[in-house]
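Undergrad: Below is start-v8.cif; it holds mmCIF, C-alpha atoms.
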data_upload
#
loop_
_atom_site.label_atom_id
_atom_site.label_comp_id
_atom_site.auth_asym_id
_atom_site.auth_seq_id
_atom_site.Cartn_x
_atom_site.Cartn_y
_atom_site.Cartn_z
CA MET A 195 -82.06 44.91 -12.01
CA ASP A 196 -78.52 44.69 -10.76
CA ASN A 197 -79.70 44.30 -7.25
CA ASN A 198 -82.06 41.45 -8.23
CA ARG A 199 -79.23 39.50 -9.96
CA ASN A 200 -77.05 39.85 -6.95
CA TYR A 201 -79.80 38.56 -4.79
CA ASP A 202 -80.38 35.47 -6.82
CA ALA A 203 -76.70 34.62 -6.91
CA GLN A 204 -76.39 34.86 -3.17
CA ARG A 205 -79.62 32.88 -2.44
CA PRO A 206 -78.91 29.71 -0.38
CA ARG A 207 -79.63 26.22 -2.06
CA LYS A 208 -82.30 23.88 -0.71
CA LYS A 209 -80.94 20.86 1.16
CA VAL A 210 -81.86 17.25 0.02
CA SER A 211 -82.89 14.85 2.73
CA ARG A 212 -81.25 11.45 3.28
CA GLN A 213 -84.43 9.70 2.40
CA THR A 214 -84.50 11.35 -0.99
CA MET A 215 -80.89 10.40 -1.63
CA ARG A 216 -81.61 6.77 -0.85
CA VAL A 217 -84.53 6.71 -3.23
CA ARG A 218 -82.48 8.24 -5.97
CA ARG A 219 -79.68 5.71 -5.43
CA LEU A 220 -82.15 2.84 -5.47
CA VAL A 221 -83.67 4.06 -8.71
CA ALA A 222 -80.24 4.37 -10.26
CA LEU A 223 -79.36 0.85 -9.18
CA LEU A 224 -82.60 -0.48 -10.63
CA VAL A 225 -81.93 1.26 -13.92
CA ILE A 226 -78.42 -0.17 -14.04
CA ALA A 227 -79.70 -3.65 -13.16
CA LEU A 228 -82.34 -3.37 -15.87
CA LEU A 229 -79.73 -2.35 -18.43
CA VAL A 230 -77.49 -5.26 -17.39
CA LEU A 231 -80.44 -7.67 -17.68
CA ILE A 232 -81.26 -6.37 -21.16
CA LEU A 233 -77.66 -6.81 -22.22
CA VAL A 234 -77.59 -10.38 -20.84
CA ILE A 235 -80.80 -11.27 -22.69
CA LEU A 236 -79.48 -9.84 -25.96
CA ALA A 237 -76.21 -11.74 -25.53
CA CYS A 238 -78.08 -15.00 -24.89
CA LYS A 239 -80.20 -14.56 -28.00
CA ALA A 240 -77.13 -13.84 -30.07
CA CYS A 241 -75.40 -17.05 -28.86
CA SER A 242 -78.39 -19.41 -29.08
CA PRO A 243 -78.85 -21.47 -32.38
CA LYS A 244 -81.52 -20.32 -34.77
CA THR A 245 -84.66 -22.37 -34.78
CA ASP A 246 -86.72 -23.28 -37.76
CA ASN A 247 -89.97 -21.33 -37.54
CA LYS A 248 -91.54 -22.95 -40.59
CA GLY A 249 -93.42 -25.28 -38.33
CA GLY A 250 -95.51 -22.43 -36.88
CA LYS A 251 -96.37 -21.97 -33.20
CA ASP A 252 -95.94 -25.63 -32.34
CA SER A 253 -92.31 -25.51 -33.35
CA LYS A 254 -91.64 -22.71 -30.86
CA SER A 255 -93.52 -24.13 -27.95
CA LYS A 256 -92.42 -27.73 -28.10
CA THR A 257 -88.91 -29.10 -27.67
CA THR A 258 -88.47 -32.75 -28.54
CA THR A 259 -85.36 -34.69 -27.52
CA THR A 260 -84.72 -37.78 -29.66
CA THR A 261 -82.28 -40.46 -28.49
CA THR A 262 -80.88 -42.70 -31.24
CA THR A 263 -79.49 -46.08 -30.31
CA ALA A 264 -76.90 -47.41 -32.80
CA VAL A 265 -77.26 -51.12 -33.52
CA THR A 266 -74.31 -52.88 -35.23
CA THR A 267 -75.30 -55.90 -37.30
CA THR A 268 -72.63 -58.16 -38.79
CA MET A 269 -73.73 -59.42 -42.19
CA PRO A 270 -71.89 -62.22 -44.03
CA VAL A 271 -69.87 -60.80 -46.92
CA PRO A 272 -69.71 -63.04 -50.00
CA THR A 273 -66.16 -63.83 -51.19
CA THR A 274 -65.57 -63.25 -54.90
CA THR A 275 -62.57 -64.79 -56.65
CA ILE A 276 -61.33 -62.68 -59.55
CA ILE A 277 -59.09 -64.34 -62.10
CA VAL A 278 -56.87 -61.85 -63.88
CA THR A 279 -55.32 -62.87 -67.16
CA THR A 280 -52.21 -60.93 -68.03
CA VAL A 281 -51.92 -60.20 -71.72
CA PRO A 282 -48.46 -59.10 -72.87
CA THR A 283 -48.55 -55.60 -74.25
CA THR A 284 -46.29 -54.45 -77.02
CA THR A 285 -44.37 -51.28 -76.39
CA GLU A 286 -42.81 -49.37 -79.22
CA PRO A 287 -39.04 -49.72 -79.01
CA VAL A 288 -37.19 -46.48 -78.32
CA ASN A 289 -34.04 -45.40 -80.13
CA ASN A 290 -32.66 -42.12 -78.85
CA SER A 291 -29.15 -42.83 -80.03
CA ASP A 292 -26.77 -43.17 -82.95
CA PHE A 293 -26.99 -46.97 -82.81
CA LYS A 294 -28.42 -48.63 -85.91
CA LEU A 295 -29.60 -52.25 -85.75
CA ASP A 296 -30.83 -54.69 -88.36
CA LYS A 297 -33.99 -55.30 -86.30
CA TYR A 298 -35.69 -53.51 -83.43
CA SER A 299 -38.19 -56.22 -82.49
CA PHE A 300 -38.02 -60.00 -82.17
CA GLU A 301 -40.51 -62.78 -81.62
CA PHE A 302 -39.13 -65.88 -79.90
CA ALA A 303 -40.27 -69.32 -78.91
CA VAL A 304 -39.37 -70.27 -75.35
CA GLY A 305 -35.76 -71.47 -75.26
CA GLU A 306 -34.84 -69.85 -78.57
CA THR A 307 -31.81 -67.60 -78.86
CA GLN A 308 -31.19 -64.82 -81.37
CA MET A 309 -28.75 -61.97 -81.76
CA PRO A 310 -29.50 -58.54 -83.24
CA ARG A 311 -26.83 -57.13 -85.52
CA VAL A 312 -25.40 -53.73 -84.64
CA LEU A 313 -24.89 -52.01 -87.99
CA GLU A 314 -23.59 -48.69 -86.66
CA HIS A 315 -22.21 -47.49 -83.31
CA PRO A 316 -22.05 -43.93 -81.94
CA GLU A 317 -19.09 -41.98 -83.24
CA GLY A 318 -15.81 -43.07 -81.69
CA SER A 319 -17.32 -46.19 -80.19
CA GLY A 320 -17.55 -49.86 -81.14
CA GLU A 321 -18.28 -53.39 -79.94
CA TRP A 322 -15.98 -52.94 -76.95
CA ASN A 323 -18.35 -50.31 -75.50
CA GLU A 324 -21.59 -52.28 -75.88
CA MET A 325 -23.58 -52.70 -72.63
CA TRP A 326 -26.53 -55.09 -72.87
CA SER A 327 -29.32 -55.53 -70.31
CA SER A 328 -32.87 -56.87 -70.04
CA SER A 329 -35.87 -55.07 -68.55
CA ASP A 330 -37.19 -58.44 -67.29
CA GLU A 331 -34.85 -61.44 -67.06
CA ASN A 332 -37.80 -63.67 -66.18
CA ILE A 333 -38.89 -63.28 -69.82
CA ALA A 334 -35.62 -62.87 -71.75
CA THR A 335 -31.94 -62.67 -70.86
CA VAL A 336 -29.04 -61.21 -72.80
CA ASP A 337 -25.30 -61.79 -72.48
CA GLN A 338 -22.40 -59.38 -72.98
CA TYR A 339 -22.29 -60.13 -76.71
CA GLY A 340 -25.99 -59.41 -77.34
CA ASN A 341 -27.21 -63.01 -77.48
CA ILE A 342 -30.85 -62.91 -76.40
CA LYS A 343 -32.48 -66.01 -74.92
CA ALA A 344 -36.23 -66.43 -74.46
CA VAL A 345 -37.06 -67.70 -70.97
CA ALA A 346 -40.86 -67.51 -70.57
CA PRO A 347 -43.90 -66.14 -72.46
CA GLY A 348 -44.35 -62.39 -72.21
CA SER A 349 -42.91 -59.10 -73.41
CA CYS A 350 -39.90 -57.06 -72.36
CA GLN A 351 -37.16 -54.84 -73.75
CA ILE A 352 -33.52 -55.56 -74.35
CA ILE A 353 -31.50 -52.38 -73.87
CA LEU A 354 -28.22 -51.57 -75.59
CA ARG A 355 -26.21 -48.66 -74.18
CA ASP A 356 -22.85 -47.21 -75.07
CA GLY A 357 -20.38 -47.65 -72.21
CA GLY A 358 -18.67 -44.35 -72.99
CA ASP A 359 -21.91 -42.36 -73.19
CA GLN A 360 -24.87 -44.05 -71.54
CA THR A 361 -27.28 -41.45 -72.92
CA GLN A 362 -26.80 -43.36 -76.17
CA GLU A 363 -29.50 -46.01 -75.70
CA VAL A 364 -31.60 -48.20 -77.98
CA GLN A 365 -34.40 -50.55 -76.95
CA ILE A 366 -35.31 -53.81 -78.68
CA GLN A 367 -38.85 -55.11 -78.24
CA ILE A 368 -38.97 -58.80 -77.29
CA THR A 369 -42.09 -60.98 -77.49
CA VAL A 370 -41.80 -64.55 -76.26
CA ILE A 371 -44.45 -67.14 -77.15
CA GLY A 372 -44.80 -70.86 -76.54
CA SER A 373 -44.72 -73.18 -73.58
CA PRO A 374 -41.95 -72.97 -70.95
CA ASN A 375 -42.18 -76.76 -70.45
CA ALA A 376 -40.44 -77.80 -73.64
CA THR A 377 -38.18 -80.82 -73.37
CA THR A 378 -35.16 -81.95 -75.28
CA THR A 379 -35.43 -84.61 -77.96
CA THR A 380 -33.10 -86.98 -79.67
CA THR A 381 -32.47 -86.73 -83.40
CA ALA A 382 -32.29 -89.67 -85.78
CA ASN A 383 -28.52 -89.81 -85.49
CA GLY A 384 -28.68 -90.07 -81.69
CA LEU A 385 -27.69 -86.49 -80.89
CA THR A 386 -29.52 -84.53 -78.23
CA ALA A 387 -30.98 -81.33 -79.61
CA ASP A 388 -32.79 -78.32 -78.23
CA PRO A 389 -36.53 -78.24 -78.88
CA GLN A 390 -36.21 -75.43 -81.38
CA SER A 391 -33.44 -77.14 -83.35
CA THR A 392 -35.67 -80.12 -84.13
CA ALA A 393 -38.50 -77.83 -85.15
CA MET A 394 -36.32 -75.53 -87.24
CA SER A 395 -35.79 -76.16 -90.90
CA ALA A 396 -33.45 -73.84 -92.74
CA PRO A 397 -34.88 -73.23 -96.21
CA ALA A 398 -32.87 -73.70 -99.37
CA PRO A 399 -31.38 -70.44 -100.61
CA ALA A 400 -33.12 -68.74 -103.52
CA LYS A 401 -31.74 -69.45 -106.97
CA ILE A 402 -29.54 -66.75 -108.44
CA SER A 403 -30.03 -65.04 -111.81
CA ASP A 404 -26.54 -65.59 -113.23
CA PRO A 405 -26.93 -67.46 -116.56
CA THR A 406 -23.64 -69.30 -116.06
CA ALA A 407 -24.67 -70.70 -112.64
CA HIS A 408 -24.68 -74.49 -112.36
CA TYR A 409 -27.36 -76.18 -110.22
CA GLU A 410 -27.73 -79.72 -109.00
CA GLY A 411 -31.36 -79.83 -107.96
CA ASN A 412 -31.78 -76.68 -105.83
CA THR A 413 -28.11 -76.52 -104.92
CA LEU A 414 -25.79 -74.01 -106.54
CA ILE A 415 -22.40 -75.56 -107.33
CA VAL A 416 -19.42 -73.21 -107.51
CA ASN A 417 -16.02 -74.91 -107.60
CA LYS A 418 -13.05 -75.31 -109.95
CA SER A 419 -15.32 -76.87 -112.57
CA TYR A 420 -18.31 -74.50 -112.31
CA PRO A 421 -17.62 -70.74 -112.18
CA LEU A 422 -19.82 -67.66 -112.01
CA SER A 423 -19.69 -64.79 -114.48
CA SER A 424 -17.58 -61.75 -113.63
CA SER A 425 -20.72 -59.58 -113.70
CA TYR A 426 -22.60 -61.49 -110.99
CA ASN A 427 -22.62 -59.36 -107.84
CA PRO A 428 -25.30 -59.74 -105.13
CA ASN A 429 -23.58 -56.99 -103.10
CA GLY A 430 -23.64 -58.94 -99.87
CA LEU A 431 -24.59 -62.12 -98.10
CA ASP A 432 -27.77 -63.90 -99.08
CA PRO A 433 -30.41 -62.74 -96.52
CA THR A 434 -31.47 -66.28 -95.61
CA CYS A 435 -27.87 -67.36 -95.21
CA GLU A 436 -27.18 -64.38 -92.98
CA GLU A 437 -30.26 -64.99 -90.83
CA TRP A 438 -29.38 -68.63 -90.19
CA PHE A 439 -25.75 -67.84 -89.55
CA TYR A 440 -26.74 -65.62 -86.64
CA LYS A 441 -29.03 -68.32 -85.32
CA LEU A 442 -26.00 -70.60 -85.38
CA VAL A 443 -23.96 -67.93 -83.58
CA SER A 444 -26.64 -67.60 -80.90
CA ALA A 445 -26.87 -71.34 -80.38
CA ALA A 446 -23.11 -71.59 -80.01
CA ALA A 447 -23.06 -68.72 -77.52
CA LYS A 448 -25.51 -70.60 -75.26
CA GLU A 449 -22.82 -73.24 -74.88
CA GLY A 450 -20.05 -70.73 -74.31
CA ILE A 451 -18.75 -70.93 -77.88
CA ASN A 452 -17.92 -67.66 -79.63
CA ILE A 453 -18.42 -67.86 -83.40
CA PHE A 454 -18.04 -64.67 -85.41
CA LEU A 455 -17.92 -63.68 -89.06
CA SER A 456 -14.50 -62.83 -90.45
CA SER A 457 -15.14 -62.83 -94.20
CA GLY A 458 -18.43 -63.05 -96.09
CA PHE A 459 -19.31 -61.89 -99.57
CA ARG A 460 -16.49 -61.04 -101.97
CA SER A 461 -16.96 -59.53 -105.38
CA TYR A 462 -15.22 -60.87 -108.52
CA ASP A 463 -12.75 -57.95 -108.42
CA LEU A 464 -11.90 -58.41 -104.74
CA GLN A 465 -11.28 -62.13 -105.24
CA GLN A 466 -9.04 -61.37 -108.18
CA SER A 467 -6.94 -59.06 -106.00
CA ILE A 468 -6.72 -61.64 -103.19
CA TYR A 469 -5.81 -64.47 -105.54
CA ASN A 470 -3.15 -62.44 -107.34
CA ASN A 471 -1.53 -61.56 -104.01
CA TYR A 472 -1.31 -65.23 -103.06
CA VAL A 473 0.14 -66.11 -106.46
CA ASN A 474 2.79 -63.43 -106.01
CA GLU A 475 3.63 -64.72 -102.54
CA SER A 476 3.44 -68.51 -103.04
CA GLY A 477 3.24 -69.19 -106.76
CA GLN A 478 0.13 -70.26 -108.70
CA ALA A 479 0.31 -73.99 -107.98
CA ALA A 480 0.39 -73.45 -104.22
CA ALA A 481 -2.16 -70.65 -104.36
CA ASP A 482 -4.62 -72.91 -106.21
CA THR A 483 -4.72 -75.27 -103.21
CA PHE A 484 -6.15 -72.69 -100.80
CA SER A 485 -7.42 -69.72 -102.84
CA ALA A 486 -9.99 -69.68 -105.63
CA ARG A 487 -9.41 -67.96 -108.91
CA PRO A 488 -11.75 -65.02 -109.60
CA GLY A 489 -15.17 -66.30 -110.68
CA PHE A 490 -14.56 -69.71 -109.03
CA SER A 491 -14.96 -68.55 -105.43
CA GLU A 492 -17.98 -69.52 -103.35
CA HIS A 493 -17.68 -66.16 -101.59
CA GLN A 494 -18.99 -64.50 -104.76
CA THR A 495 -22.32 -66.34 -104.28
CA GLY A 496 -23.05 -64.66 -100.95
CA LEU A 497 -23.59 -68.14 -99.49
CA ALA A 498 -20.11 -68.80 -98.05
CA LEU A 499 -18.51 -67.47 -94.88
CA ASP A 500 -15.15 -67.67 -93.16
CA VAL A 501 -15.39 -67.54 -89.39
CA ASN A 502 -13.02 -66.70 -86.55
CA THR A 503 -9.33 -67.25 -87.36
CA ILE A 504 -8.77 -67.87 -91.04
CA ASP A 505 -5.73 -70.11 -90.76
CA ASP A 506 -4.71 -73.59 -89.62
CA SER A 507 -4.63 -72.56 -85.96
CA PHE A 508 -8.44 -72.69 -85.94
CA ALA A 509 -8.43 -76.48 -86.40
CA GLY A 510 -9.09 -78.42 -83.21
CA THR A 511 -10.32 -75.41 -81.22
CA PRO A 512 -13.61 -75.71 -79.29
CA GLU A 513 -15.16 -73.41 -81.87
CA ALA A 514 -14.02 -75.58 -84.80
CA ILE A 515 -15.25 -78.76 -83.09
CA TRP A 516 -18.63 -77.21 -82.27
CA LEU A 517 -18.98 -75.92 -85.83
CA GLU A 518 -18.23 -79.32 -87.31
CA ASN A 519 -20.76 -81.04 -85.03
CA HIS A 520 -23.59 -78.52 -85.22
CA CYS A 521 -23.43 -76.36 -88.35
CA TYR A 522 -25.69 -78.76 -90.30
CA GLU A 523 -28.49 -78.03 -87.77
CA TYR A 524 -28.61 -74.52 -89.21
CA GLY A 525 -28.33 -75.39 -92.89
CA PHE A 526 -24.52 -75.14 -93.21
CA ILE A 527 -21.78 -77.59 -94.13
CA ILE A 528 -17.99 -77.57 -93.70
CA ARG A 529 -17.29 -77.02 -97.36
CA TYR A 530 -13.67 -78.21 -97.49
CA PRO A 531 -13.37 -81.04 -94.93
CA LEU A 532 -10.25 -82.84 -93.81
CA GLY A 533 -8.77 -85.36 -96.24
CA LYS A 534 -10.92 -84.39 -99.23
CA ASP A 535 -8.43 -82.13 -101.03
CA ALA A 536 -8.50 -84.27 -104.17
CA ILE A 537 -12.31 -84.11 -104.33
CA THR A 538 -12.99 -80.46 -103.46
CA GLY A 539 -9.77 -79.12 -104.96
CA TYR A 540 -8.84 -77.29 -101.74
CA LYS A 541 -6.99 -78.03 -98.53
CA TYR A 542 -8.82 -78.50 -95.23
CA GLU A 543 -10.52 -75.28 -94.14
CA PRO A 544 -12.46 -75.79 -90.89
CA TRP A 545 -13.37 -72.08 -90.86
CA HIS A 546 -15.12 -72.10 -94.28
CA ILE A 547 -18.86 -72.92 -94.14
CA ARG A 548 -21.42 -72.92 -96.93
CA TYR A 549 -25.17 -72.39 -96.60
CA VAL A 550 -27.20 -75.02 -98.47
CA GLY A 551 -30.37 -75.30 -96.34
CA SER A 552 -31.47 -78.08 -93.99
CA ASP A 553 -32.39 -80.71 -96.60
CA VAL A 554 -28.97 -80.80 -98.23
CA ALA A 555 -27.06 -80.25 -94.99
CA ASN A 556 -28.83 -83.22 -93.38
CA GLN A 557 -28.11 -85.41 -96.40
CA ILE A 558 -24.40 -84.63 -96.25
CA HIS A 559 -24.35 -85.12 -92.48
CA ALA A 560 -26.01 -88.52 -92.90
CA MET A 561 -23.29 -89.55 -95.38
CA GLY A 562 -20.78 -89.47 -92.55
CA ALA A 563 -17.88 -87.34 -91.44
CA ASN A 564 -16.14 -85.20 -94.06
CA ALA A 565 -18.72 -85.74 -96.83
CA THR A 566 -18.78 -83.13 -99.60
CA LEU A 567 -21.14 -81.56 -102.13
CA GLU A 568 -19.06 -83.12 -104.91
CA GLU A 569 -19.70 -86.58 -103.46
CA LEU A 570 -23.40 -85.94 -102.89
CA TYR A 571 -23.99 -84.87 -106.49
CA ASN A 572 -21.13 -86.82 -108.10
CA VAL A 573 -19.52 -83.75 -109.68
CA THR A 574 -15.86 -82.83 -110.16
CA SER A 575 -13.83 -79.80 -109.10
CA GLN A 576 -10.97 -79.24 -111.53
CA TYR A 577 -9.80 -76.25 -113.52
CA ALA A 578 -10.00 -76.74 -117.27
CA GLU A 579 -6.34 -75.77 -117.68
#
Could you rewrite the structure in this file as structure tokens?

TA:
Amino acid sequence: MDNNRNYDAQRPRKKVSRQTMRVRRLVALLVIALLVLILVILACKACSPKTDNKGGKDSKSKTTTTTTTAVTTTMPVPTTTIIVTTVPTTTEPVNNSDFKLDKYSFEFAVGETQMPRVLEHPEGSGEWNEMWSSSDENIATVDQYGNIKAVAPGSCQIILRDGGDQTQEVQIQITVIGSPNATTTTTANGLTADPQSTAMSAPAPAKISDPTAHYEGNTLIVNKSYPLSSSYNPNGLDPTCEEWFYKLVSAAAKEGINIFLSSGFRSYDLQQSIYNNYVNESGQAAADTFSARPGFSEHQTGLALDVNTIDDSFAGTPEAIWLENHCYEYGFIIRYPLGKDAITGYKYEPWHIRYVGSDVANQIHAMGANATLEELYNVTSQYAE
């Protein structure tokens, strides 16, 4: 067996002819070409889009090319005119501050002017720090004092900020109604008036409940002849009087006149203290010519006000002249006019005005310069002793 194995290992190999080698190479090339062709076909199938076979054999055998021609047609477009009517919307006023006002919303007629009252300021602040502005000056404007003027119908906000801390802000809602084409008119006495002044009529003040009060018609008379009881105390200005005073203030401000309240309601006890001080300083006879005894003062009614400077220096100022010429338009009269000391019982006080309402104020104005309530109703003003 060993000899046989050695024989096989040493046996020479059979030689392959050139022809055979060529055939083998050709076969190998064909196989490679076939494999390449298969790979190319598979790659083409993978890249070609899928066709929808739901149409059956026809969908496979037929390829249809559709050419779409886009045609642009210009059609006339109808023009529609849309009329938009703007309706003023009311926004709730915002008060994120320590300001307190008497009112947080106002309704105006075009051309009208009003002024909100600031009842409380932020701590450590005051009138000197007030900063006023309007959200839309085409509807309403406001000056540095807070006088608001209606310009045109619509709604806006007037904003009050504190100059020292502008996070302190309060908004006032403004609604303006009426026609912006109002014209001025001439009153019966020949004076030119704003449209709202001819339309306004200040009502007579409400009658008071004091049993000692003396009335002539609807007019309360308080002078040296007709006192009030010591118990009568309205605790402030009459609301109607106060409202019309600030209308007067606003009207004056439009003309550059600054009218402000210096002294309003005084109780019986406060008047007694004031009168006694004057008696101690000047004597009773002199004091009686310019200060009322307690119970005899119009200030106790809540219908009388002293404005600006409460002394003789106020006479002849632009403010005093404006007040004398225009206060009747707002239901007020100069209560103690020049030259009527003997009739009213008091010296000339151009700063002292009394609210009586439009009817009475117009009657006194028609009587001429320096007319008085005593003359209108033919009553006296004299202390009993």

Undergrad: For Gly430 (chain A), which residue among A:Thr483, A:Gln466, A:Asn452, A:Thr495 is the nearest when counting only C-alpha atoms?

TA: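 That would be A:Thr495, the residue with the smallest distance to Gly430 (chain A).
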
Undergrad: Skipping near chain neighbours, those fewer than 5 positions away, what residues fall within 6 Å of region 537-545 of chain A using all atoms listed in the file, listed as a list in words?

TA: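 Skipping anything fewer than 5 positions along the chain leaves Thr483, Phe484, Asp500, Val501, Tyr530, Pro531, Leu532 and Ser575 of chain A.
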
Undergrad: Go ahead and save the residues from that selection, with C-alpha atoms, as an mmCIF file, in the coordinates of the input.

TA:
data_model
loop_
_atom_site.group_PDB
_atom_site.id
_atom_site.type_symbol
_atom_site.label_atom_id
_atom_site.label_comp_id
_atom_site.auth_asym_id
_atom_site.auth_seq_id
_atom_site.Cartn_x
_atom_site.Cartn_y
_atom_site.Cartn_z
ATOM 1 C CA THR A 483 -4.720 -75.270 -103.210
ATOM 2 C CA PHE A 484 -6.150 -72.690 -100.800
ATOM 3 C CA ASP A 500 -15.150 -67.670 -93.160
ATOM 4 C CA VAL A 501 -15.390 -67.540 -89.390
ATOM 5 C CA TYR A 530 -13.670 -78.210 -97.490
ATOM 6 C CA PRO A 531 -13.370 -81.040 -94.930
ATOM 7 C CA LEU A 532 -10.250 -82.840 -93.810
ATOM 8 C CA SER A 575 -13.830 -79.800 -109.100
#

Undergrad: Give the answer as one residue: which of A:Ala498, A:Ala240, A:Leu231, A:Ala222 has the shortest atom-to-atom distance to Leu431 (chain A), using all atoms listed in the file?

TA: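 Looking only at the distances to Leu431 (chain A), the closest residue turns out to be A:Ala498.
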
Undergrad: When you draw a straight line from CA of Gly551 (chain A) to CA of Lys294 (chain A), how long is it in Å?

TA: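 Computing the Euclidean distance for CA of Gly551 (chain A) and CA of Lys294 (chain A) yields 28.7 Å.
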
Undergrad: So, counting all atoms listed in the file, which residue among A:Leu354, A:Ala447, A:Leu497, A:Ile366 is closest to Glu321 (chain A)?

TA: A:Leu354

Undergrad: Carefully work through the PyMOL selection byres ((chain A and resi 446) around 12) for this structure and note down the residues it includes, as number ranges by chain.

TA: A: 306-309, 339, 341, 388, 439-445, 447-454, 512-521, 523-524

Undergrad: One decimal, Å: what's the distance from CA of Val225 (chain A) over to CA of Ser211 (chain A), could you say?

TA: 21.5 Å

Undergrad: Run through the PyMOL selection byres ((chain A and resi 331) around 12) on the given coordinates and return the selected residues as a compact mmCIF listing (two decimals) with C-alpha atoms, in the coordinates of the input.

TA:
# COMPACT_ATOMS: atom_id res chain seq x y z
CA TRP A 326 -26.53 -55.09 -72.87
CA SER A 327 -29.32 -55.53 -70.31
CA SER A 328 -32.87 -56.87 -70.04
CA SER A 329 -35.87 -55.07 -68.55
CA ASP A 330 -37.19 -58.44 -67.29
CA ASN A 332 -37.80 -63.67 -66.18
CA ILE A 333 -38.89 -63.28 -69.82
CA ALA A 334 -35.62 -62.87 -71.75
CA THR A 335 -31.94 -62.67 -70.86
CA VAL A 336 -29.04 -61.21 -72.80
CA ASP A 337 -25.30 -61.79 -72.48
CA ILE A 342 -30.85 -62.91 -76.40
CA LYS A 343 -32.48 -66.01 -74.92
CA ALA A 344 -36.23 -66.43 -74.46
CA VAL A 345 -37.06 -67.70 -70.97
CA ALA A 346 -40.86 -67.51 -70.57
CA PRO A 347 -43.90 -66.14 -72.46
CA GLY A 348 -44.35 -62.39 -72.21
CA SER A 349 -42.91 -59.10 -73.41
CA CYS A 350 -39.90 -57.06 -72.36
CA GLN A 351 -37.16 -54.84 -73.75
CA ILE A 352 -33.52 -55.56 -74.35
CA ILE A 353 -31.50 -52.38 -73.87
CA ILE A 368 -38.97 -58.80 -77.29
CA VAL A 370 -41.80 -64.55 -76.26

Undergrad: Please tell me which residues are no farther than 12 Å from (-16.0, -65.8, -109.8) in the file, counting only C-alpha atoms, and write them as a ChimeraX atom specification.

TA: /A:404,406-407,415-427,459-467,469,485-496

Undergrad: Can you pull out the residues contacting Lys297 (chain A)? Cut-off 9 Å, using all atoms listed in the file, and skip same-chain residues under 6 positions away; I want them as a list in words.

TA: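 Selected residues are Pro310, Arg311, Val312 and Ile366 of chain A.
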
Undergrad: Record the distance separating CA of Asp296 (chain A) and CA of Thr503 (chain A), expressed in Å with one decimal.

TA: 24.9 Å

Undergrad: Which one is closest to Val554 (chain A): A:Gln362, A:Thr511, A:Ser395, A:Gln213? Count all atoms listed in the file.

TA: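 Looking at the shortest contact to Val554 (chain A), the residue is A:Ser395.
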
Undergrad: Counting all atoms listed in the file, note down every residue that has an atom within 6 Å of the point (-19.6, -71.7, -96.6) (file coordinates), as a count of residues only.

TA: 7

Undergrad: Which residues come within 10 Å of Trp322 (chain A), counting all atoms listed in the file, excluding same-chain residues fewer than 2 positions away, as a list of chain:residue names?

TA: A:Ser319, A:Gly320, A:Glu324, A:Met325, A:Gln338, A:Tyr339, A:Asp356, A:Gly357, A:Gly358
